[in-house]
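*Asks:* Supplied structure: my_file-v6.cif, mmCIF, C-alpha atoms and all ligand atoms.
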data_run
loop_
_atom_site.label_atom_id
_atom_site.label_comp_id
_atom_site.auth_asym_id
_atom_site.auth_seq_id
_atom_site.Cartn_x
_atom_site.Cartn_y
_atom_site.Cartn_z
CA MET A 1 -7.81 -26.29 20.86
CA ALA A 2 -4.29 -25.07 21.54
CA ARG A 3 -2.60 -23.48 18.57
CA SER A 4 -0.08 -25.67 16.82
CA SER A 5 3.39 -24.23 17.01
CA THR A 6 4.42 -25.55 13.61
CA LEU A 7 2.64 -25.02 10.32
CA VAL A 8 3.68 -27.04 7.27
CA ILE A 9 2.56 -26.24 3.74
CA LEU A 10 3.02 -29.25 1.50
CA ASN A 11 2.97 -29.44 -2.28
CA GLY A 12 1.79 -26.78 -4.69
CA THR A 13 3.88 -24.48 -6.84
CA LEU A 14 6.11 -21.97 -5.11
CA ILE A 15 6.57 -18.46 -6.49
CA ASP A 16 8.87 -17.09 -3.83
CA GLY A 17 8.81 -13.40 -4.78
CA SER A 18 12.56 -13.18 -5.37
CA GLY A 19 12.20 -13.45 -9.12
CA ASN A 20 13.21 -17.11 -9.17
CA PRO A 21 11.10 -19.17 -11.57
CA PRO A 22 8.29 -21.21 -10.04
CA VAL A 23 9.26 -24.54 -8.50
CA PRO A 24 7.31 -27.47 -7.13
CA ASN A 25 7.07 -26.99 -3.38
CA GLU A 26 7.96 -29.85 -1.09
CA ALA A 27 7.44 -28.14 2.26
CA ILE A 28 7.40 -24.69 3.77
CA VAL A 29 7.78 -24.95 7.52
CA VAL A 30 6.58 -22.09 9.69
CA GLU A 31 7.60 -21.93 13.34
CA GLY A 32 5.81 -19.25 15.30
CA ASN A 33 5.67 -16.20 13.06
CA ARG A 34 8.69 -16.99 10.90
CA ILE A 35 9.56 -19.27 8.03
CA ARG A 36 11.91 -21.93 9.30
CA SER A 37 12.61 -23.64 5.99
CA VAL A 38 11.63 -23.83 2.35
CA GLY A 39 12.36 -26.94 0.32
CA ARG A 40 13.03 -30.32 1.95
CA LEU A 41 10.97 -31.17 4.99
CA PRO A 42 13.37 -31.12 7.98
CA GLU A 43 13.75 -34.55 9.54
CA ASP A 44 12.61 -33.49 12.99
CA VAL A 45 9.22 -32.26 11.75
CA ARG A 46 6.73 -35.06 12.30
CA LEU A 47 3.65 -34.53 10.20
CA GLU A 48 1.72 -37.13 12.19
CA ASP A 49 2.11 -35.09 15.38
CA GLN A 50 -1.26 -33.42 14.98
CA GLU A 51 -1.11 -31.80 18.38
CA HIS A 52 1.84 -29.63 17.44
CA VAL A 53 1.98 -29.67 13.66
CA GLU A 54 -0.72 -28.27 11.42
CA VAL A 55 -0.51 -29.34 7.79
CA ILE A 56 -1.94 -27.55 4.75
CA ASP A 57 -1.99 -29.47 1.50
CA ALA A 58 -1.44 -26.94 -1.29
CA SER A 59 -1.71 -29.43 -4.15
CA GLU A 60 -3.00 -27.73 -7.30
CA GLN A 61 -2.35 -24.36 -5.68
CA TRP A 62 0.23 -21.59 -5.99
CA ILE A 63 2.08 -20.22 -2.98
CA LEU A 64 3.22 -16.59 -2.99
CA PRO A 65 4.37 -13.97 -0.51
CA GLY A 66 1.51 -12.01 1.02
CA LEU A 67 0.59 -9.08 -1.20
CA ILE A 68 1.67 -5.56 -0.29
CA ASP A 69 -0.17 -2.40 -1.23
CA GLY A 70 2.35 0.43 -1.04
CA HIS A 71 -0.32 3.14 -1.25
CA CYS A 72 -3.66 2.71 0.49
CA HIS A 73 -5.66 5.04 2.75
CA LEU A 74 -7.79 3.59 5.54
CA SER A 75 -9.21 6.66 7.23
CA PHE A 76 -10.33 9.13 4.57
CA GLY A 77 -13.97 8.47 5.39
CA PHE A 78 -14.76 5.67 2.95
CA PRO A 79 -16.90 3.77 2.36
CA GLN A 80 -19.47 6.50 2.73
CA MET A 81 -22.64 5.35 4.39
CA THR A 82 -26.16 6.65 4.43
CA GLY A 83 -26.83 8.54 7.64
CA VAL A 84 -23.18 8.98 8.58
CA PRO A 85 -21.97 12.57 8.39
CA SER A 86 -19.07 12.88 6.03
CA SER A 87 -17.23 15.85 4.64
CA GLN A 88 -13.50 15.43 4.16
CA GLY A 89 -13.38 12.17 6.09
CA THR A 90 -16.01 12.35 8.79
CA THR A 91 -16.58 14.69 11.67
CA SER A 92 -16.15 11.92 14.24
CA ALA A 93 -12.74 10.45 15.04
CA GLU A 94 -14.35 7.60 16.96
CA PHE A 95 -16.55 6.41 14.10
CA SER A 96 -13.73 6.87 11.59
CA THR A 97 -11.42 4.72 13.65
CA LEU A 98 -13.88 1.84 13.83
CA ARG A 99 -14.50 2.10 10.10
CA ALA A 100 -10.76 2.17 9.35
CA ALA A 101 -10.35 -0.96 11.46
CA ARG A 102 -13.02 -2.67 9.42
CA ASN A 103 -11.36 -1.51 6.20
CA ALA A 104 -8.08 -3.05 7.36
CA GLN A 105 -9.82 -6.35 7.95
CA THR A 106 -11.38 -6.29 4.48
CA VAL A 107 -7.97 -5.65 2.94
CA LEU A 108 -6.29 -8.53 4.76
CA ARG A 109 -9.00 -10.92 3.68
CA THR A 110 -8.09 -10.35 0.05
CA GLY A 111 -4.53 -11.49 0.58
CA VAL A 112 -2.84 -8.20 1.40
CA THR A 113 -0.67 -8.80 4.45
CA SER A 114 1.12 -5.43 4.52
CA LEU A 115 -0.08 -1.92 3.80
CA SER A 116 1.70 1.38 3.48
CA VAL A 117 -0.66 4.20 4.40
CA PRO A 118 0.59 7.57 3.17
CA GLY A 119 -1.73 9.75 5.17
CA GLY A 120 -5.08 9.80 6.86
CA THR A 121 -7.20 11.71 9.33
CA TRP A 122 -6.26 12.40 12.97
CA PHE A 123 -3.79 9.65 14.07
CA ILE A 124 -6.28 6.92 13.22
CA ASP A 125 -3.86 4.84 11.15
CA VAL A 126 -1.34 4.79 13.99
CA ALA A 127 -4.06 3.51 16.32
CA VAL A 128 -5.26 0.88 13.86
CA ARG A 129 -1.66 -0.23 13.25
CA ASP A 130 -1.05 -0.62 16.96
CA ALA A 131 -4.33 -2.41 17.60
CA ILE A 132 -3.50 -4.92 14.86
CA ALA A 133 0.04 -5.41 16.14
CA ALA A 134 -1.34 -5.94 19.65
CA GLY A 135 -3.70 -8.62 18.37
CA LEU A 136 -6.78 -6.64 19.31
CA ILE A 137 -8.17 -6.64 15.79
CA GLU A 138 -7.38 -8.40 12.54
CA GLY A 139 -5.60 -6.63 9.71
CA PRO A 140 -2.44 -6.36 7.64
CA ARG A 141 0.84 -5.03 8.97
CA ILE A 142 0.60 -1.28 8.68
CA PHE A 143 3.34 1.28 8.05
CA CYS A 144 1.81 4.73 8.11
CA ALA A 145 2.17 8.46 7.83
CA GLY A 146 -0.01 11.04 9.55
CA ARG A 147 -1.80 13.88 7.79
CA PHE A 148 -0.08 15.19 4.67
CA ILE A 149 2.03 18.25 5.28
CA VAL A 150 0.80 20.80 2.73
CA THR A 151 0.98 24.47 1.81
CA TYR A 152 -1.75 26.73 0.43
CA GLY A 153 -2.64 25.31 -2.97
CA SER A 154 -1.43 21.77 -2.32
CA ILE A 155 -3.66 18.72 -2.60
CA THR A 156 -6.10 18.51 0.36
CA ASP A 157 -6.07 22.30 0.90
CA ASN A 158 -9.65 22.43 -0.28
CA GLU A 159 -11.24 24.87 2.15
CA PRO A 160 -10.98 28.67 2.17
CA SER A 161 -8.05 29.99 4.18
CA TRP A 162 -10.34 31.08 7.06
CA VAL A 163 -11.36 27.45 7.54
CA GLY A 164 -7.87 25.97 7.26
CA THR A 165 -7.37 22.23 7.67
CA PRO A 166 -9.28 20.80 10.64
CA GLU A 167 -8.32 17.44 12.15
CA HIS A 168 -10.86 15.50 10.11
CA THR A 169 -9.14 16.46 6.87
CA ASN A 170 -6.18 14.51 5.61
CA GLY A 171 -3.91 17.50 5.10
CA LYS A 172 -2.20 19.76 7.62
CA LEU A 173 -1.32 23.26 6.48
CA ALA A 174 2.23 24.41 7.17
CA ASN A 175 3.34 27.37 5.12
CA ASN A 176 6.92 27.80 6.22
CA VAL A 177 9.83 25.68 7.35
CA ASP A 178 9.25 26.28 11.07
CA ASP A 179 5.63 25.10 10.89
CA MET A 180 6.63 22.11 8.77
CA VAL A 181 9.38 21.00 11.12
CA THR A 182 7.06 21.45 14.11
CA GLU A 183 4.49 19.22 12.40
CA VAL A 184 7.13 16.57 11.68
CA ARG A 185 8.02 16.60 15.38
CA ARG A 186 4.36 16.42 16.42
CA GLN A 187 3.66 13.50 14.10
CA CYS A 188 6.79 11.62 15.16
CA LYS A 189 5.78 12.12 18.79
CA HIS A 190 2.47 10.45 17.94
CA GLY A 191 4.15 7.44 16.38
CA VAL A 192 4.01 7.77 12.60
CA ASN A 193 6.42 5.61 10.62
CA TYR A 194 6.90 8.21 7.95
CA ILE A 195 6.10 11.71 6.86
CA LYS A 196 3.91 12.45 3.85
CA MET A 197 4.44 15.76 2.11
CA ALA A 198 2.07 16.67 -0.69
CA ASP A 199 2.52 19.05 -3.59
CA SER A 200 -0.32 20.11 -5.90
CA THR A 201 -3.08 17.68 -6.87
CA TRP A 202 -2.19 17.32 -10.54
CA GLY A 203 1.35 18.66 -10.68
CA ASP A 204 0.54 21.72 -12.78
CA LEU A 205 1.88 23.91 -9.99
CA GLN A 206 4.79 23.41 -7.60
CA THR A 207 3.54 24.26 -4.10
CA ILE A 208 6.48 23.16 -1.95
CA ALA A 209 9.82 24.87 -2.28
CA PRO A 210 12.97 22.72 -2.57
CA HIS A 211 14.45 24.16 0.64
CA GLU A 212 11.25 23.27 2.53
CA LEU A 213 11.41 19.72 1.31
CA ARG A 214 15.07 19.46 2.31
CA ALA A 215 14.31 20.75 5.81
CA VAL A 216 11.44 18.31 6.32
CA THR A 217 13.48 15.40 4.98
CA GLU A 218 16.35 16.23 7.30
CA GLU A 219 14.09 16.47 10.34
CA ALA A 220 12.21 13.25 9.50
CA HIS A 221 15.44 11.36 9.06
CA ARG A 222 16.88 12.81 12.26
CA ARG A 223 13.91 11.28 14.02
CA HIS A 224 14.29 7.92 12.22
CA ALA A 225 11.13 8.44 10.22
CA ARG A 226 11.00 7.95 6.50
CA ILE A 227 9.48 10.47 4.13
CA THR A 228 7.59 10.41 0.88
CA ILE A 229 5.87 13.03 -1.23
CA HIS A 230 2.86 13.23 -3.51
CA ALA A 231 4.69 14.72 -6.50
CA ARG A 232 3.15 14.55 -9.94
CA GLY A 233 4.93 17.48 -11.47
CA SER A 234 8.36 17.84 -12.98
CA GLY A 235 9.61 20.41 -10.44
CA SER A 236 8.35 18.56 -7.40
CA THR A 237 9.75 15.24 -8.60
CA ARG A 238 13.13 16.85 -9.18
CA ALA A 239 13.04 18.57 -5.76
CA ALA A 240 12.13 15.25 -4.11
CA ALA A 241 15.06 13.51 -5.76
CA GLU A 242 17.45 16.24 -4.69
CA ALA A 243 16.09 16.42 -1.13
CA GLY A 244 16.66 12.68 -0.68
CA VAL A 245 13.16 11.54 0.25
CA ASP A 246 12.78 7.78 0.65
CA TRP A 247 10.36 7.24 -2.21
CA ILE A 248 8.22 9.31 -4.56
CA LEU A 249 4.49 8.89 -5.11
CA HIS A 250 3.26 9.34 -8.71
CA ALA A 251 5.93 11.31 -10.67
CA ASP A 252 3.74 11.00 -13.75
CA LEU A 253 4.75 14.32 -15.33
CA ALA A 254 8.46 13.84 -14.65
CA THR A 255 10.72 14.57 -17.60
CA ASP A 256 13.51 12.25 -18.69
CA ASP A 257 15.98 14.56 -16.94
CA ASP A 258 13.98 14.43 -13.71
CA LEU A 259 13.95 10.66 -13.87
CA GLU A 260 17.70 10.64 -14.31
CA ALA A 261 17.95 12.65 -11.09
CA VAL A 262 15.71 10.09 -9.38
CA ALA A 263 17.86 7.25 -10.68
CA GLN A 264 20.98 9.07 -9.53
CA ALA A 265 19.48 9.46 -6.04
CA GLY A 266 18.60 5.76 -6.02
CA MET A 267 15.05 6.17 -4.80
CA PRO A 268 12.03 4.11 -5.80
CA ILE A 269 8.80 5.43 -7.30
CA ILE A 270 5.25 4.28 -6.58
CA PRO A 271 3.51 5.35 -9.80
CA THR A 272 0.03 4.43 -8.49
CA MET A 273 -1.43 3.93 -11.93
CA THR A 274 -4.31 1.84 -10.63
CA PHE A 275 -6.10 5.00 -9.50
CA LEU A 276 -5.67 6.66 -12.91
CA ALA A 277 -6.73 3.57 -14.82
CA ARG A 278 -9.75 3.14 -12.59
CA GLY A 279 -10.66 6.82 -12.99
CA VAL A 280 -10.53 6.50 -16.77
CA GLU A 281 -12.59 3.32 -16.61
CA VAL A 282 -15.38 4.21 -14.19
CA GLY A 283 -14.86 7.89 -13.28
CA LEU A 284 -18.00 9.10 -15.03
CA GLU A 285 -20.15 6.52 -13.23
CA TYR A 286 -18.84 7.87 -9.95
CA GLY A 287 -19.71 11.44 -10.76
CA ARG A 288 -16.35 12.68 -11.99
CA SER A 289 -16.62 15.25 -14.79
CA GLN A 290 -15.57 14.47 -18.34
CA ARG A 291 -12.81 17.04 -17.84
CA ALA A 292 -11.50 15.22 -14.77
CA VAL A 293 -11.61 11.89 -16.58
CA ASP A 294 -9.72 13.39 -19.53
CA ALA A 295 -7.10 14.72 -17.13
CA MET A 296 -6.70 11.26 -15.63
CA LYS A 297 -6.23 9.83 -19.11
CA ARG A 298 -3.45 12.34 -19.80
CA HIS A 299 -1.76 11.44 -16.53
CA LEU A 300 -2.10 7.74 -17.27
CA ASP A 301 -0.38 8.30 -20.62
CA GLY A 302 2.35 10.26 -18.84
CA ALA A 303 2.77 7.51 -16.31
CA VAL A 304 3.17 4.90 -19.04
CA HIS A 305 6.07 6.89 -20.43
CA VAL A 306 7.57 7.25 -16.94
CA LEU A 307 7.22 3.51 -16.46
CA GLU A 308 9.23 2.79 -19.60
CA ARG A 309 11.92 5.36 -18.82
CA ALA A 310 12.17 4.43 -15.15
CA ARG A 311 12.63 0.82 -16.04
CA ALA A 312 15.36 1.62 -18.54
CA LEU A 313 17.14 3.73 -15.90
CA GLY A 314 16.96 0.97 -13.29
CA ILE A 315 14.61 2.84 -10.94
CA THR A 316 12.78 0.47 -8.62
CA LEU A 317 9.02 0.63 -9.12
CA MET A 318 6.90 -0.28 -6.14
CA CYS A 319 3.22 -1.19 -6.32
CA GLY A 320 0.51 0.95 -4.79
CA THR A 321 -3.08 1.58 -5.76
CA ASP A 322 -4.47 4.54 -3.76
CA SER A 323 -7.34 2.32 -2.62
CA GLY A 324 -9.55 4.19 -0.18
CA ASN A 325 -8.77 7.63 -1.58
CA SER A 326 -12.32 8.11 -2.91
CA PRO A 327 -15.54 6.17 -3.50
CA LEU A 328 -14.23 4.84 -6.79
CA MET A 329 -11.42 2.96 -5.03
CA PRO A 330 -13.18 0.37 -2.82
CA TYR A 331 -11.28 -1.73 -0.30
CA GLY A 332 -10.45 -5.30 -1.13
CA GLU A 333 -10.91 -5.00 -4.86
CA LEU A 334 -7.91 -3.28 -6.41
CA HIS A 335 -4.83 -4.00 -4.29
CA ALA A 336 -3.26 -6.36 -6.83
CA ASN A 337 -4.18 -4.31 -9.88
CA GLU A 338 -0.89 -2.41 -10.09
CA MET A 339 0.86 -5.67 -11.00
CA GLU A 340 -1.50 -6.12 -13.93
CA ILE A 341 -0.67 -2.57 -15.03
CA LEU A 342 3.06 -3.31 -14.95
CA VAL A 343 2.39 -6.26 -17.23
CA ARG A 344 -0.03 -4.42 -19.50
CA TYR A 345 1.81 -1.14 -19.88
CA GLY A 346 5.33 -1.73 -18.58
CA GLY A 347 6.38 -4.86 -20.42
CA TYR A 348 6.86 -6.81 -17.20
CA THR A 349 6.41 -10.54 -17.16
CA PRO A 350 3.91 -11.69 -14.52
CA LEU A 351 6.86 -13.10 -12.54
CA GLU A 352 8.60 -9.70 -12.58
CA ALA A 353 5.38 -7.95 -11.61
CA ILE A 354 4.93 -10.29 -8.64
CA SER A 355 8.45 -9.45 -7.42
CA ALA A 356 7.68 -5.74 -7.83
CA GLY A 357 4.54 -6.13 -5.74
CA THR A 358 6.16 -8.24 -3.03
CA ARG A 359 9.98 -8.12 -2.76
CA ASP A 360 10.33 -4.53 -3.97
CA THR A 361 7.28 -3.02 -2.28
CA ALA A 362 8.42 -4.37 1.11
CA PHE A 363 10.51 -1.19 1.34
CA ALA A 364 7.33 0.92 1.47
CA VAL A 365 6.28 -0.91 4.62
CA GLY A 366 9.70 -0.69 6.24
CA LEU A 367 10.15 -4.47 6.06
CA GLU A 368 12.55 -4.83 3.15
CA HIS A 369 14.49 -7.61 4.88
CA GLU A 370 11.49 -9.26 6.52
CA VAL A 371 8.67 -9.81 4.04
CA GLY A 372 8.09 -10.03 0.30
CA VAL A 373 10.26 -13.09 -0.32
CA LEU A 374 9.53 -16.59 0.94
CA GLU A 375 12.74 -17.94 2.41
CA ALA A 376 14.05 -19.20 5.74
CA GLY A 377 14.14 -16.54 8.43
CA LYS A 378 11.53 -14.20 6.94
CA LEU A 379 8.23 -13.34 8.57
CA ALA A 380 5.60 -15.88 7.58
CA ASP A 381 3.23 -13.82 5.42
CA LEU A 382 1.99 -15.82 2.46
CA ILE A 383 -1.01 -16.60 0.35
CA LEU A 384 -2.28 -19.67 -1.45
CA VAL A 385 -4.24 -19.25 -4.66
CA THR A 386 -6.14 -21.74 -6.78
CA ALA A 387 -5.11 -20.47 -10.22
CA ASP A 388 -1.78 -19.73 -11.86
CA PRO A 389 -0.87 -16.02 -11.58
CA LEU A 390 1.90 -16.49 -14.13
CA ALA A 391 -0.70 -17.48 -16.71
CA ASP A 392 -2.90 -14.52 -15.77
CA ILE A 393 -1.73 -11.96 -13.22
CA ARG A 394 -5.35 -10.97 -12.59
CA VAL A 395 -5.99 -14.10 -10.55
CA LEU A 396 -4.47 -12.21 -7.62
CA GLN A 397 -7.16 -9.53 -7.72
CA GLY A 398 -10.00 -9.10 -5.28
CA GLY A 399 -9.20 -12.27 -3.36
CA ARG A 400 -11.25 -14.21 -5.88
CA HIS A 401 -8.85 -17.15 -6.12
CA LEU A 402 -7.60 -17.22 -2.56
CA ALA A 403 -7.38 -20.54 -0.79
CA ALA A 404 -5.68 -19.18 2.33
CA VAL A 405 -4.03 -16.13 3.81
CA ILE A 406 -1.29 -16.63 6.38
CA LYS A 407 -0.09 -13.57 8.23
CA ASP A 408 2.57 -13.62 10.92
CA GLY A 409 2.45 -17.41 10.90
CA ARG A 410 -1.30 -17.58 11.53
CA ILE A 411 -4.00 -18.70 9.14
CA VAL A 412 -6.46 -15.84 8.72
CA ASP A 413 -9.94 -17.04 9.50
CA PHE A 414 -12.46 -15.40 7.24
CA ASN A 415 -15.31 -17.80 7.62
CA GLY A 416 -15.22 -18.77 4.01
CA GLN A 417 -15.66 -15.20 2.85
CA THR A 418 -13.10 -13.15 1.01
CA VAL A 419 -14.74 -9.78 1.42
CA ALA A 420 -17.68 -9.35 3.76
CA PRO A 421 -20.49 -8.84 1.22
CA GLU A 422 -22.70 -6.87 3.59
CA PHE A 423 -19.90 -4.36 3.96
CA LEU A 424 -19.10 -4.00 0.29
CA ALA A 425 -22.80 -3.51 -0.41
CA LEU A 426 -22.61 -0.24 1.53
CA GLN A 427 -20.29 1.40 -0.93
CA PRO A 428 -20.57 3.60 -2.81
CA ALA A 429 -23.49 5.47 -1.25
CA THR A 430 -22.51 8.72 -2.90
CA ALA A 431 -19.87 9.71 -5.38
ZN ZN B 1 -2.95 8.62 -1.94
#
For this file, produce the structure as structure tokens.
Ligand SMILES: [Zn+2]
*Replies:*
Amino acid sequence: MARSSTLVILNGTLIDGSGNPPVPNEAIVVEGNRIRSVGRLPEDVRLEDQEHVEVIDASEQWILPGLIDGHCHLSFGFPQMTGVPSSQGTTSAEFSTLRAARNAQTVLRTGVTSLSVPGGTWFIDVAVRDAIAAGLIEGPRIFCAGRFIVTYGSITDNEPSWVGTPEHTNGKLANNVDDMVTEVRRQCKHGVNYIKMADSTWGDLQTIAPHELRAVTEEAHRRHARITIHARGSGSTRAAAEAGVDWILHADLATDDDLEAVAQAGMPIIPTMTFLARGVEVGLEYGRSQRAVDAMKRHLDGAVHVLERARALGITLMCGTDSGNSPLMPYGELHANEMEILVRYGGYTPLEAISAGTRDTAFAVGLEHEVGVLEAGKLADLILVTADPLADIRVLQGGRHLAAVIKDGRIVDFNGQTVAPEFLALQPATA
């Protein structure tokens, strides 16, 4: 059957992502991959024209913008599988690419229509992004970095110096400005959307000098790429603010002064508290030490303070989860959890949290004028859910209340399944 050119969503309750209160929906009309209208049904749309007009009745449902995860990794080598070699990532680019493609599909099927991927192995995420955009495979829109640019002692520099950082690891060593700028150029040549720098794992040490960060930021921007940094510490957060990166990941040990510098610079933060909360909750089960779990608890407490201060200073907080960073962060399960954290710890109303996760996080996927709000002219990425997320923000989690996912104007066909159970059953093989 030929694809209808017009899709009409009738009835239901519209939460448009802009922060407007929910309203009864009369009709959302989608033409091709864009929203033509929201509100009254235009007179020239004939619902009885079944050959050209597809109608979805959303009665008793809630309509929201497609979810966005501003921090998710597809190609770190998860889920781990019995019999598949895996060290940092895996030793095969080919297998990793196929697995990342499958991960992207799993994510889309839980209502996430856009993903920001701050780093992976090889240029797998670029390839998966392009294959999705070309219609070769199914998945969310992807906006991605390449391997993190790191120095000795940064996160991902896990091997002895005589091993370095081979292609299957998610970091790329560059210990001076020349090497860093060369890597920015190499990654831009291979099509990344943004550059990911990474300071130390837990922020106890500052591994990237301010002048290095400035040089990388300048080169990225010269090449029309954005830049972010994994910065948990005070010094690295401050340096990121002063270098003018596009957004900061974590910032959970930032002082009030550092946050003022961030506010001054006008850049958003992706606190990524889902990972910390999950680590505190199930870290021990996944083989993390008590010491590591305690550290995550301290960082979670720090992040709660940052959340309060950032909000008071008017810093935009975007939602990201770090799904796919380790076996304890499975695909498809946690992408909407950051919104719950904003409600639980940040004093957000569910409506405000939804706007943070849609309208605000659109910036992390480079689509700040295109997705995240349901209005005429925007790309048609939206979800329908069968329970009220304003009554309980958790109904958006894990795709458990999804009635439909529409991405780029098309209804995603997932054969009645939200997450392929046979795939989820494979993780976690090891911790
Ligand atoms: Zn991450």
*Asks:* Please determine, counting only C-alpha atoms, which residue among A:Pro24, A:Gly32, A:Gly12, A:Gly398 has the shortest atom-to-atom distance to Ala380 (chain A).
*Replies:*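 The shortest atom-to-atom distance to Ala380 (chain A) comes from A:Gly32.
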*Asks:* Restricting the calculation to all atoms listed in the file, which member of A:Leu64, A:Ala404, A:Ala364, A:Ala353 is positioned closest to Ile269 (chain A)?
*Replies:*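 When distances to Ile269 (chain A) are compared using all atoms listed in the file, the smallest one comes from A:Ala364.
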*Asks:* Give the residues close to ligand ZN 1 (chain B), within 9 Å, counting all atoms listed in the file; write them as number ranges by chain.
*Replies:* A: 71-73, 117-119, 230, 249, 272, 275, 320-325
*Asks:* For the selection just defined, write its residues with C-alpha atoms to a file, as a PDB file, keeping the file's coordinate frame.
*Replies:*
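Contents of the output file part_4.pdb:
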ATOM      1  CA  HIS A  71      -0.320   3.140  -1.250  1.00  0.00           C
ATOM      2  CA  CYS A  72      -3.660   2.710   0.490  1.00  0.00           C
ATOM      3  CA  HIS A  73      -5.660   5.040   2.750  1.00  0.00           C
ATOM      4  CA  VAL A 117      -0.660   4.200   4.400  1.00  0.00           C
ATOM      5  CA  PRO A 118       0.590   7.570   3.170  1.00  0.00           C
ATOM      6  CA  GLY A 119      -1.730   9.750   5.170  1.00  0.00           C
ATOM      7  CA  HIS A 230       2.860  13.230  -3.510  1.00  0.00           C
ATOM      8  CA  LEU A 249       4.490   8.890  -5.110  1.00  0.00           C
ATOM      9  CA  THR A 272       0.030   4.430  -8.490  1.00  0.00           C
ATOM     10  CA  PHE A 275      -6.100   5.000  -9.500  1.00  0.00           C
ATOM     11  CA  GLY A 320       0.510   0.950  -4.790  1.00  0.00           C
ATOM     12  CA  THR A 321      -3.080   1.580  -5.760  1.00  0.00           C
ATOM     13  CA  ASP A 322      -4.470   4.540  -3.760  1.00  0.00           C
ATOM     14  CA  SER A 323      -7.340   2.320  -2.620  1.00  0.00           C
ATOM     15  CA  GLY A 324      -9.550   4.190  -0.180  1.00  0.00           C
ATOM     16  CA  ASN A 325      -8.770   7.630  -1.580  1.00  0.00           C
TER      17      ASN A 325
END
*Asks:* Find the residue from A:Thr121, A:Thr13, A:Ser200, A:Gln264 that sits nearest to Ile315 (chain A); use only C-alpha atoms when measuring.
*Replies:* A:Gln264
*Asks:* How many Å separate CA of Gly357 (chain A) from CA of Leu342 (chain A)?
*Replies:*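 Between CA of Gly357 (chain A) and CA of Leu342 (chain A) the gap works out to 9.7 Å.
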*Asks:* Interatomic distance between CA of Thr82 (chain A) and CA of Arg102 (chain A)?
*Replies:* 16.9 Å
*Asks:* Separation of CA of Ile393 (chain A) and CA of Ile142 (chain A), in Å?
*Replies:*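 Distance between the two atoms: 24.5 Å.
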*Asks:* Need the shell around Glu281 (chain A): protein/DNA/RNA residues with any atom at most 10 Å away, counting only C-alpha atoms. Skip same-chain ones fewer than 5 positions apart. Format as number ranges by chain?
*Replies:* A: 275-276, 293, 296-297
*Asks:* Which residues, written as a PyMOL selection string, have at least one atom at most 10 Å from Arg147 (chain A), with all atoms listed in the file counted and residues fewer than 3 positions away on the same chain left out?
*Replies:* chain A and resi 118-125+144+150+156+167-173+183+187+192+195-198
*Asks:* Around (-4.1, -14.2, -15.0) in the file's frame, which residues reach within 12 Å when counting only C-alpha atoms? Return as a VMD selection string?
*Replies:* chain A and resid 336 to 337 339 to 340 343 to 344 349 to 351 353 to 354 385 to 397 400 to 401
*Asks:* Could you check which of A:Thr201, A:Ser236, A:Thr165, A:Thr6 is closest to Glu48 (chain A), using all atoms listed in the file?
*Replies:*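 That would be A:Thr6, the residue with the smallest distance to Glu48 (chain A).
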*Asks:* Looking at only C-alpha atoms, which of A:Val29, A:Ile15, A:Ala174, A:Leu136 is the one that sits closest to Gln61 (chain A)?
*Replies:*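 The shortest atom-to-atom distance to Gln61 (chain A) comes from A:Ile15.
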*Asks:* Would you mind telling me which residue in A:Gly135, A:Gly111, A:Gly409, A:Gly266 lies nearest to Leu334 (chain A) when using all atoms listed in the file?
*Replies:*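 That would be A:Gly111, the residue with the smallest distance to Leu334 (chain A).
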*Asks:* Quick one: axis-aligned box around all listed atoms of region 260-274 of chain A, 8 Å on every side, centre and edge lengths in Å to one decimal, written as AutoDock Vina command-line options.
*Replies:*
--center_x 8.3 --center_y 7.2 --center_z -9.6 --size_x 41.3 --size_y 26.8 --size_z 25.5
*Asks:* Which residues are near Ile35 (chain A)? Cut-off 7 Å, all atoms listed in the file, ignore same chain within fewer than 5 positions. Put them as a list in words.
*Replies:*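 My reading of the contact set: Val29, Val30, Glu375, Ala376, Gly377, Lys378, Leu379 and Ala380 of chain A.
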*Asks:* Is there a way to get, as number ranges by chain, all residues within 10 Å of the point (3.9, -32.2, -3.8) in file coordinates, counting only C-alpha atoms?
*Replies:* A: 9-13, 24-27, 57-60
*Asks:* Could you give me, as a PyMOL selection string, the residues within 12 Å of Ala133 (chain A), counting all atoms listed in the file and dropping anything in the same chain fewer than 5 positions from it?
*Replies:* chain A and resi 114+126-128+138-143+407-408
